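Participant: Shown below is the structure under consideration.
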Amino acid sequence: MVHIHAERVGIDFPIYGNTGRSLKNSILHATTGGRLATTASRTVVAALSNISLDLREGDRLGLVGGNGAGKTTLLRVLASIYEPTRGTLTTSGQIVPLFGGSLGMDLELPGFDNIILRGMILGLSRRQIMNKIDDIAAFTELEDFLHLPVRTYSAGMRVRLAFAISTSVDADILLLDEGVGAGDASFMNKAQARLLDFVERTGLLVLATHSTTLMRKICSHAIWMHRGEIKRHGPVDDVMTEYREWILEQQRLRAEKAA
Amino acid sequence: MASSVEETASRPDLAKQKVKTNKRSMTRRAIDDLVGGLLRVNIWGVLGWSDIRQQYRRSTLGPLWITLSMAAFVLFLGILYAQLFNRPLHLYMPHLAIGYILWTMISSFVEGGSRCFISAEGIIKQLAAPLSVHVYRLIWANLLTLAHHVIIIVVVMVVFAIAPNENWLLAIPGLLLILLTGAWVIFLLGILSARFRDIPQIVQTVMRMIFFMTPVLWMPEFIPRRAIFLTANPFHHYIELVRGPLLNKPIDPLHWQVAGALTVIGWIVTLLVYRRFRQRIAYWL
């Protein structure tokens, strides 16, 4: 049975300054009692705290919150990339993450090779990928670009490719970061249809997005993250309304301060 | 998939907070990662292979490039240095060819190892695969490179009429020891470099120095009275374990002892470090 269960999960991030990342400086600091090198700077940031979740198949959870609120970190914890430093997390079902940044692709390789590479990393055999490769290629609409190295692709084209591969793996749990929004309008429509289709096949979806429309169309409930904590968890409309009001409130306060 | 971490102190000073974890389960998970990574042949296989193919792709000669560049190096340096050192070519060239090919692999383990997790950041932070796949990937890519280089060794053997004999079989356990040691070196340096970002540069500088101090360009018999430079150099022992049998030289048992001991001790240290810091690596990247 597909589920995610998190109980009071927390993540403490060590943040090292430039000197703290240098072995030479750290040794110098230790051997001279700090006289020759400035203090090895190490700050611990609580990136997530007290996250409790219970998600089952068919759930479509949306994550909202400002930049640095902990949405991506939470997705990485759910994907077992970061291990929680506090609390417990249990998941069952095959997880497929799709996060921003390099999207886990090899930029020097052509699109086709990346389909194979990523498919294999996601656990498919070569034959399984070959069976799906035409569908994946068709979904991306990239056509001849698939023969060119991925580094020549625009951000939107990379998202198309990564999205097409990740949603073709028969995953139980799909974790999507906001980067997916880089696709153009026609792609977003296709992507939405594909996500809804996925969820109908009793999948579990967690989606971080800044797009209210995407969230309303796809998600069954939402979480508003603020400074690494869950500020509000409930139906999409309620959470989004409160989130909006909070943002307006903040803007008003800032304007008052300035005045 | 399940993970659990017990909480001991509950705030507020995060810096001082100690997380108590079950020691046995940490060892278990470290070993699961090592074995699980090895079993995922398709991942490290395809990644290692794509590393090699990128070298093909950048040159019109394709697969030949890896072999030819090494062949040119061995040929020209062989002729020049045989003259400089006043050694007969049929003794010097095989020594250089085998030694330099082995050195290329060993130094790639050390230098590549120090970057193995840093350069895989994209994949590590995107997909939850065992971290050890990046270690196996580097070893696999180097074995593929070695396969390209073996042709040169064969040619040199034929040209200088070095007949094969049963001694050659001893080179196989020697190569295995290089790979086993290579694996922990990659692992350990990869972990340390993820935390301390200046290690790759330090390693590069040190390796350049060691290259000139290891009998690859020169031969061990050049310094009979400074043998300490040989016995104290672990790289010499490993290279000799493979080069010696191929050149029909008697093997000093010391080579086996040093290489064997380093393999075992290195793995124990690496496992302890890995058990302690495995879950931190993703945070450091």
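Labels used: A, B, ... for chains in the order of the structure tokens, numbers from 1 for residues in each chain, and numbers from 1 for ligands as shown.
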List the spatial neighbours of stretch 31-37 of chain B as a compact mmCIF listing (two decimals) with C-alpha atoms, in the first residue's frame - criterion: any atom at most 8 Å away, only C-alpha atoms, same-chain residues fewer than 2 positions off excluded.

Facilitator:
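Saved the output as around_6.txt:
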```
# COMPACT_ATOMS: atom_id res chain seq x y z
CA THR B 27 26.26 0.05 10.33
CA ARG B 28 23.49 -1.91 8.66
CA ARG B 29 22.49 1.04 6.49
CA LEU B 39 23.78 -4.57 -7.20
CA ARG B 40 22.49 -1.60 -9.18
CA VAL B 41 24.76 -2.48 -12.07
CA ALA B 129 20.12 6.03 -5.17
CA PRO B 130 22.82 4.43 -2.99
CA LEU B 131 25.81 6.81 -2.79
CA SER B 132 28.22 3.96 -3.49
CA VAL B 133 27.07 3.83 -7.14
CA TYR B 136 31.54 1.92 -8.64
```

Participant: Once you count only C-alpha atoms, which residues of chain A turn out to be within 7 Å of chain B? Could you give them as a PyMOL selection string?

Facilitator: chain A and resi 13+21-23+44+79-83+85-92+97+99+102-104+117+120-121

Participant: So that I have them on file, write out the residues from the current selection with C-alpha atoms, as an mmCIF file, in the first residue's frame.

Facilitator:
```
data_model
loop_
_atom_site.group_PDB
_atom_site.id
_atom_site.type_symbol
_atom_site.label_atom_id
_atom_site.label_comp_id
_atom_site.auth_asym_id
_atom_site.auth_seq_id
_atom_site.Cartn_x
_atom_site.Cartn_y
_atom_site.Cartn_z
ATOM 1 C CA PHE A 13 21.404 21.963 8.207
ATOM 2 C CA ARG A 21 34.861 24.446 4.152
ATOM 3 C CA SER A 22 38.625 24.588 3.914
ATOM 4 C CA LEU A 23 40.732 21.800 5.364
ATOM 5 C CA VAL A 44 23.195 25.204 12.221
ATOM 6 C CA ALA A 79 12.424 11.354 -1.507
ATOM 7 C CA SER A 80 14.882 9.941 1.101
ATOM 8 C CA ILE A 81 17.651 12.172 -0.251
ATOM 9 C CA TYR A 82 17.991 13.958 3.078
ATOM 10 C CA GLU A 83 17.642 11.793 6.139
ATOM 11 C CA THR A 85 17.884 14.504 11.884
ATOM 12 C CA ARG A 86 14.820 14.404 14.154
ATOM 13 C CA GLY A 87 11.574 12.492 14.102
ATOM 14 C CA THR A 88 10.621 9.490 11.984
ATOM 15 C CA LEU A 89 9.669 9.025 8.359
ATOM 16 C CA THR A 90 8.221 5.892 6.810
ATOM 17 C CA THR A 91 7.304 5.557 3.173
ATOM 18 C CA SER A 92 6.149 2.675 1.063
ATOM 19 C CA PRO A 97 11.215 12.834 -7.689
ATOM 20 C CA PHE A 99 13.211 18.627 -8.880
ATOM 21 C CA SER A 102 19.978 20.143 -13.359
ATOM 22 C CA LEU A 103 16.962 17.821 -13.155
ATOM 23 C CA GLY A 104 19.421 14.959 -12.714
ATOM 24 C CA LEU A 117 20.110 7.222 -18.368
ATOM 25 C CA MET A 120 17.712 3.406 -15.636
ATOM 26 C CA ILE A 121 18.435 5.476 -12.560
#
```

Participant: Could you tell me, as a PyMOL selection string, which residues of stretch 159-264 of chain B DSSP assigns to helix (DSSP H, G or I) when given the backbone?

Facilitator: chain B and resi 159+166-195+199-213+220-222+224-226+228-231+234-246+253-264

Participant: Generate the output file for the selected residues, C-alpha atoms, as a PDB file, in the first residue's frame.

Facilitator:
```pdb
ATOM      1  CA  VAL B 159      57.559  -5.911 -30.116  1.00  0.00           C
ATOM      2  CA  GLU B 166      52.591 -18.637 -15.631  1.00  0.00           C
ATOM      3  CA  ASN B 167      53.980 -15.729 -13.580  1.00  0.00           C
ATOM      4  CA  TRP B 168      51.590 -13.429 -15.391  1.00  0.00           C
ATOM      5  CA  LEU B 169      48.658 -14.887 -13.478  1.00  0.00           C
ATOM      6  CA  LEU B 170      50.048 -13.202 -10.352  1.00  0.00           C
ATOM      7  CA  ALA B 171      49.212  -9.848 -11.913  1.00  0.00           C
ATOM      8  CA  ILE B 172      45.509 -10.631 -11.468  1.00  0.00           C
ATOM      9  CA  PRO B 173      45.453 -10.628  -7.643  1.00  0.00           C
ATOM     10  CA  GLY B 174      47.690  -7.568  -7.857  1.00  0.00           C
ATOM     11  CA  LEU B 175      45.129  -5.767 -10.007  1.00  0.00           C
ATOM     12  CA  LEU B 176      42.354  -6.867  -7.643  1.00  0.00           C
ATOM     13  CA  LEU B 177      44.218  -5.324  -4.714  1.00  0.00           C
ATOM     14  CA  ILE B 178      44.552  -2.070  -6.665  1.00  0.00           C
ATOM     15  CA  LEU B 179      40.796  -2.062  -7.321  1.00  0.00           C
ATOM     16  CA  LEU B 180      39.873  -2.934  -3.717  1.00  0.00           C
ATOM     17  CA  THR B 181      42.139  -0.209  -2.397  1.00  0.00           C
ATOM     18  CA  GLY B 182      40.957   2.171  -5.097  1.00  0.00           C
ATOM     19  CA  ALA B 183      37.388   1.662  -3.921  1.00  0.00           C
ATOM     20  CA  TRP B 184      38.028   2.769  -0.346  1.00  0.00           C
ATOM     21  CA  VAL B 185      40.280   5.624  -1.442  1.00  0.00           C
ATOM     22  CA  ILE B 186      37.539   6.965  -3.730  1.00  0.00           C
ATOM     23  CA  PHE B 187      34.973   6.563  -0.986  1.00  0.00           C
ATOM     24  CA  LEU B 188      37.010   8.171   1.776  1.00  0.00           C
ATOM     25  CA  LEU B 189      38.326  11.072  -0.300  1.00  0.00           C
ATOM     26  CA  GLY B 190      34.861  11.597  -1.784  1.00  0.00           C
ATOM     27  CA  ILE B 191      33.333  11.952   1.695  1.00  0.00           C
ATOM     28  CA  LEU B 192      36.094  14.204   3.036  1.00  0.00           C
ATOM     29  CA  SER B 193      36.049  16.412  -0.059  1.00  0.00           C
ATOM     30  CA  ALA B 194      32.294  16.891   0.157  1.00  0.00           C
ATOM     31  CA  ARG B 195      32.941  18.460   3.558  1.00  0.00           C
ATOM     32  CA  ILE B 199      40.855  18.673  -0.699  1.00  0.00           C
ATOM     33  CA  PRO B 200      40.644  18.075  -4.496  1.00  0.00           C
ATOM     34  CA  GLN B 201      43.247  20.799  -5.112  1.00  0.00           C
ATOM     35  CA  ILE B 202      45.480  19.515  -2.327  1.00  0.00           C
ATOM     36  CA  VAL B 203      45.191  15.971  -3.692  1.00  0.00           C
ATOM     37  CA  GLN B 204      46.081  17.138  -7.195  1.00  0.00           C
ATOM     38  CA  THR B 205      49.220  18.885  -6.003  1.00  0.00           C
ATOM     39  CA  VAL B 206      50.322  15.961  -3.868  1.00  0.00           C
ATOM     40  CA  MET B 207      49.703  13.433  -6.636  1.00  0.00           C
ATOM     41  CA  ARG B 208      51.843  15.390  -9.079  1.00  0.00           C
ATOM     42  CA  MET B 209      54.687  15.234  -6.584  1.00  0.00           C
ATOM     43  CA  ILE B 210      54.203  11.527  -5.914  1.00  0.00           C
ATOM     44  CA  PHE B 211      54.260  10.798  -9.646  1.00  0.00           C
ATOM     45  CA  PHE B 212      57.854  11.960  -9.852  1.00  0.00           C
ATOM     46  CA  MET B 213      58.764  10.120  -6.661  1.00  0.00           C
ATOM     47  CA  PRO B 220      63.751   1.148  -8.865  1.00  0.00           C
ATOM     48  CA  GLU B 221      67.337  -0.052  -9.426  1.00  0.00           C
ATOM     49  CA  PHE B 222      68.421   3.560 -10.037  1.00  0.00           C
ATOM     50  CA  PRO B 224      69.774   1.087  -4.525  1.00  0.00           C
ATOM     51  CA  ARG B 225      71.026   3.144  -1.578  1.00  0.00           C
ATOM     52  CA  ARG B 226      67.876   5.212  -1.139  1.00  0.00           C
ATOM     53  CA  ILE B 228      63.516   4.021   1.802  1.00  0.00           C
ATOM     54  CA  PHE B 229      61.947   6.149  -0.939  1.00  0.00           C
ATOM     55  CA  LEU B 230      60.584   2.949  -2.425  1.00  0.00           C
ATOM     56  CA  THR B 231      59.516   1.045   0.676  1.00  0.00           C
ATOM     57  CA  PRO B 234      52.618   2.718  -1.144  1.00  0.00           C
ATOM     58  CA  PHE B 235      52.088   3.474  -4.824  1.00  0.00           C
ATOM     59  CA  HIS B 236      55.334   1.676  -5.655  1.00  0.00           C
ATOM     60  CA  HIS B 237      54.145  -1.515  -3.950  1.00  0.00           C
ATOM     61  CA  TYR B 238      50.847  -1.593  -5.821  1.00  0.00           C
ATOM     62  CA  ILE B 239      52.399  -0.878  -9.234  1.00  0.00           C
ATOM     63  CA  GLU B 240      55.087  -3.498  -8.690  1.00  0.00           C
ATOM     64  CA  LEU B 241      52.443  -6.127  -7.860  1.00  0.00           C
ATOM     65  CA  VAL B 242      51.167  -5.927 -11.434  1.00  0.00           C
ATOM     66  CA  ARG B 243      54.244  -4.785 -13.347  1.00  0.00           C
ATOM     67  CA  GLY B 244      56.633  -7.255 -11.704  1.00  0.00           C
ATOM     68  CA  PRO B 245      54.843 -10.458 -12.791  1.00  0.00           C
ATOM     69  CA  LEU B 246      54.300  -9.142 -16.338  1.00  0.00           C
ATOM     70  CA  PRO B 253      56.836 -10.338  -0.419  1.00  0.00           C
ATOM     71  CA  LEU B 254      56.861  -6.878   1.145  1.00  0.00           C
ATOM     72  CA  HIS B 255      54.715  -5.647  -1.770  1.00  0.00           C
ATOM     73  CA  TRP B 256      51.973  -8.143  -0.901  1.00  0.00           C
ATOM     74  CA  GLN B 257      52.205  -7.384   2.803  1.00  0.00           C
ATOM     75  CA  VAL B 258      51.958  -3.618   2.408  1.00  0.00           C
ATOM     76  CA  ALA B 259      49.183  -3.746  -0.190  1.00  0.00           C
ATOM     77  CA  GLY B 260      47.210  -6.338   1.787  1.00  0.00           C
ATOM     78  CA  ALA B 261      47.503  -4.415   5.043  1.00  0.00           C
ATOM     79  CA  LEU B 262      46.553  -1.108   3.408  1.00  0.00           C
ATOM     80  CA  THR B 263      43.503  -2.689   1.807  1.00  0.00           C
ATOM     81  CA  VAL B 264      42.206  -4.053   5.103  1.00  0.00           C
TER      82      VAL B 264
END
```

Participant: What is the distance, in Å and to one decimal place, between atom CA of B:Ala147 and atom CA of B:Phe73?

Facilitator: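 Value for the atom CA of B:Ala147-atom CA of B:Phe73 distance: 17.0 Å.
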
Participant: Compile the contact shell of stretch 246-253 of chain A as an NGL selection string: residues with an atom at most 12 Å away, counting only C-alpha atoms, same-chain residues fewer than 4 positions apart removed.

Facilitator: :A and (64-66 or 224 or 226 or 231-232 or 239-242 or 257-259)

Participant: Which residues come within 6 Å of A:Asp12, counting only C-alpha atoms, excluding same-chain residues fewer than 5 positions away, as a ChimeraX atom specification?

Facilitator: /A:45-47

Participant: As a PyMOL selection string, please: every residue in stretch 151-194 of chain A that a backbone DSSP assignment puts in strand (DSSP E).

Facilitator: chain A and resi 173-176

Participant: Those same residues - N, CA and C atoms - I'd like them written as a PDB file, in the first residue's frame.

Facilitator:
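Here's the written file out-v4.pdb:
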```
ATOM      1  N   ILE A 173       4.628   7.171  -6.084  1.00  0.00           N
ATOM      2  CA  ILE A 173       4.656   8.486  -5.456  1.00  0.00           C
ATOM      3  C   ILE A 173       5.443   9.427  -6.357  1.00  0.00           C
ATOM      4  N   LEU A 174       4.829  10.539  -6.717  1.00  0.00           N
ATOM      5  CA  LEU A 174       5.494  11.502  -7.588  1.00  0.00           C
ATOM      6  C   LEU A 174       5.709  12.786  -6.792  1.00  0.00           C
ATOM      7  N   LEU A 175       6.970  13.242  -6.746  1.00  0.00           N
ATOM      8  CA  LEU A 175       7.290  14.471  -6.016  1.00  0.00           C
ATOM      9  C   LEU A 175       7.750  15.517  -7.019  1.00  0.00           C
ATOM     10  N   LEU A 176       7.036  16.626  -7.119  1.00  0.00           N
ATOM     11  CA  LEU A 176       7.359  17.635  -8.126  1.00  0.00           C
ATOM     12  C   LEU A 176       7.702  18.964  -7.488  1.00  0.00           C
TER      13      LEU A 176
END
```

Participant: Quick one: residues within 9 Å of B:Ile79, only C-alpha atoms counted, chain neighbours fewer than 6 positions away excluded, as a PyMOL selection string?

Facilitator: chain B and resi 89+92-93

Participant: Tell me which of A:Glu57, A:Asp177, A:Asp237, A:Asp134 sits closest to A:Leu146, counting only C-alpha atoms.

Facilitator: A:Asp134
